[in-house]
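Right, one structure below, let's go through it.
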Amino acid sequence: MPELPEVETMARDLKKAIVGKTIRKVWYDWPKMIHLELENGRRHLGHHPASRTMFGRKLRGLKVVSVSRRAKNVLIGLSGDHILAVHPKMTGHFLSGQWIMRGGKPLPASYGLSRRQAEAIREKVNSYIHFLLWFKDGSMLGYSDARKFGRIIFGAKEKVLGSKELSSLGPEPLGSDLDLPALRKILSSSRGRIKQMLLDQTKIAGIGNIYADEILWTSKVHPLRRANSLSDGEAKALFNNIKKVLTSAIKMRGTSMSDYRDASGESGGYMRLIKVYGREGEPCLRCRMLIKRIVIAARSAHFCPRCQRLA
DNA sequence: AAGCCGACCTGAGGGC
DNA sequence: TGCCCTCAGGTCGGCT
């Protein structure tokens with residue numbers, strides 16, 4: 001589900017909601033999701049016998065000192081130089097709320113919540129809670145993930161940042177590392193399709209299927225073009241639109257095609273600004289030609305056959 | 001080295 | 001209603 005703008009929104013929401021709070025208790029019911037980076041460089045999954053108690057014991061008493069984002073990961077900085085790195089994959093998202101345990105399952109509650117928030121955490125899409133934190137001040141943070149693809153890595157800061165998942169990531173598209181010369185270099189060294197290049201997290205980190213299609217449509221570049229075949233003008237347009245589309249999507253608090261919700265349980269507003277993704281058979285918003293959908297690398301790609309030429 | 005494919009999971013929506 | 005099929009915002013490991 002979430003791509004850079006959605007994960008950025010999650011991180012900003014969490015920053016307001018949990019920085020300064022101390023963890024009192026942890027609960028989870030999908031051990032495969034939990035990865036513990038050990039001091040000896042090895043890793044335990046949450047269902048490892050030693051991890052079951054270790055995870056909760058290690059988190060208890062730690063204070064949240066920061067929340068940030070790297071690619072599509074939310075990084076929760078904890079006291080003692082620990083990090084929780086959460087990758088929500090397709091359907092994961094955080095929720096501020098209140099739950100009570102009933103028969104080993106969390107049930108939404110409403111203590112101290114606004115009516116709107118109490119209703120939000122009861123919404124179906126927010127009800128797949130597999131991870132919960134209780135804080136000392138009585139507040140709670142839930143993590144809902146219908147498909148259970150999400151992954152939570154916990155450990156010493158340098159171990160987590162050095163893990164294979166986080167250390168192999170390319171530059172942040174909105175950071176100063178990705179300037180025009182850097183993008184030109186990435187383009188010229190990529191022989192594959194531009195759509196695949198945009199999705200390759202080791203080349204640029206954070207772009208996913210929706211925003212790749214939006215960026216290519218806005219730049220008038222066909223998704224099947226070879227990355228190294230773009231003209232100077234096309235590279236410039238691509239550069240500007242990577243920044244423009246992602247920045248605007250962050251401003252609108254992301255896109256909610258289906259599962260994505262912010263920490264208050266609300267949908268993102270960028271849906272209204274989507275130009276091609278999911279619009280197969282509908283008219284192009286520039287030229288009225290019907291939008292096509294093809295499959296590239298087992299992912300759908302949407303484009304306008306008139307505005308985005310292959311030749 | 002790069003590219004393709006299945007695996008990981010569950011839910012939603014469409015066709016019949 | 002229900003069954004069966006397809007599709008979904010993302011990686012990841014294993015195989016050519």
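We name chains A, B, ... following the order of the structure tokens; residues begin at 1 in each chain, and ligands are numbered from 1 as shown.
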So that each row is one residue of chain B with an atom at most 7 Å from chain A, can you give its shortest atom pair and the distance in Å to one decimal, using only C-alpha atoms (C1' of nucleotides), rows by chain and rising number, as a Markdown table?
```
| residue | atom | partner | partner_atom | distance |
| --- | --- | --- | --- | --- |
| B:DC8 | C1' | A:Phe149 | CA | 6.8 |
| B:DC9 | C1' | A:Arg147 | CA | 4.7 |
| B:DT10 | C1' | A:Arg147 | CA | 4.9 |
```
Include C-alpha atoms (C1' of nucleotides) and write out the residues we just selected as a compact mmCIF listing (two decimals), in the first residue's frame.
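The result, stored in again37.txt:
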```txt
# COMPACT_ATOMS: atom_id res chain seq x y z
C1' DC B 8 4.12 -14.23 1.51
C1' DC B 9 -1.41 -13.17 3.14
C1' DT B 10 -6.22 -11.59 3.16
```
Find the nearest atom pair between each residue of chain C and chain A for residues within 8 Å, count only C-alpha atoms (C1' of nucleotides), give distances in Å to one decimal, sort rows by chain and ascending number, and present the table as a Markdown table.
```
| residue | atom | partner | partner_atom | distance |
| --- | --- | --- | --- | --- |
| C:DG9 | C1' | A:Met1 | CA | 2.9 |
| C:DG10 | C1' | A:Lys89 | CA | 5.0 |
| C:DT11 | C1' | A:Lys89 | CA | 7.5 |
```
Find the distance between atom CA of Lys195 of chain A and atom CA of Ile294 of chain A and write it in Å to one decimal.
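For atom CA of Lys195 of chain A relative to atom CA of Ile294 of chain A, the distance reads 11.5 Å.
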Pairwise distance for atom CA of Arg24 of chain A and atom CA of Leu59 of chain A, rounded to one decimal in Å
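Between atom CA of Arg24 of chain A and atom CA of Leu59 of chain A the gap works out to 8.2 Å.
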Residue list (strand (DSSP E or B), DSSP) for segment 78-230 of chain A, as a compact mmCIF listing (two decimals) with C-alpha atoms, in the first residue's frame:
```
# COMPACT_ATOMS: atom_id res chain seq x y z
CA LEU A 78 14.01 4.90 21.14
CA HIS A 82 17.44 1.63 19.74
CA ILE A 83 15.26 1.76 16.64
CA LEU A 84 11.98 0.21 15.58
CA ALA A 85 11.89 0.21 11.77
CA VAL A 86 8.42 -0.50 10.43
CA HIS A 87 7.75 -1.32 6.78
CA GLY A 92 -0.09 -1.69 7.10
CA HIS A 93 -0.80 1.55 8.96
CA PHE A 94 -0.58 3.03 12.45
CA LEU A 95 -3.52 4.24 14.48
CA SER A 96 -3.72 6.39 17.57
CA GLY A 97 -6.53 5.00 19.66
CA TRP A 99 -8.20 -0.87 22.64
CA ILE A 100 -9.07 -3.38 25.34
CA MET A 101 -8.07 -7.03 25.22
CA ARG A 102 -11.00 -9.46 25.03
CA LYS A 105 -7.94 -9.95 20.75
CA PRO A 106 -7.88 -6.15 20.85
CA LEU A 107 -11.29 -4.51 20.72
CA PRO A 108 -11.62 -0.80 19.90
CA ILE A 129 -4.63 -4.96 14.63
CA HIS A 130 -1.54 -7.17 14.97
CA PHE A 131 0.73 -4.97 17.09
CA LEU A 132 -0.02 -2.67 20.00
CA LEU A 133 1.97 -0.36 22.27
CA TRP A 134 0.72 0.94 25.59
CA PHE A 135 2.39 4.11 26.89
CA MET A 140 -1.95 3.65 22.84
CA LEU A 141 -0.61 3.05 19.34
CA GLY A 142 -2.03 0.30 17.14
CA TYR A 143 -0.74 -1.19 13.91
CA SER A 144 -3.37 -2.60 11.52
CA ASP A 145 -2.30 -4.80 8.61
CA ARG A 151 7.72 -6.05 8.98
CA ILE A 152 9.00 -4.58 12.22
CA ILE A 153 12.75 -4.62 12.87
CA PHE A 154 13.99 -3.83 16.38
CA GLY A 155 17.53 -3.46 17.59
CA ALA A 156 20.49 -1.19 18.18
CA ARG A 193 12.36 0.00 -18.50
CA ARG A 226 14.47 2.27 -21.69
```
Filtered DSSP result for segment 110-295 of chain A, state helix (DSSP H, G or I), as a PyMOL selection string
chain A and resi 115-120+124-126+157-161+164-167+180-188+194-199+209-219+227-229+232-251+270-273
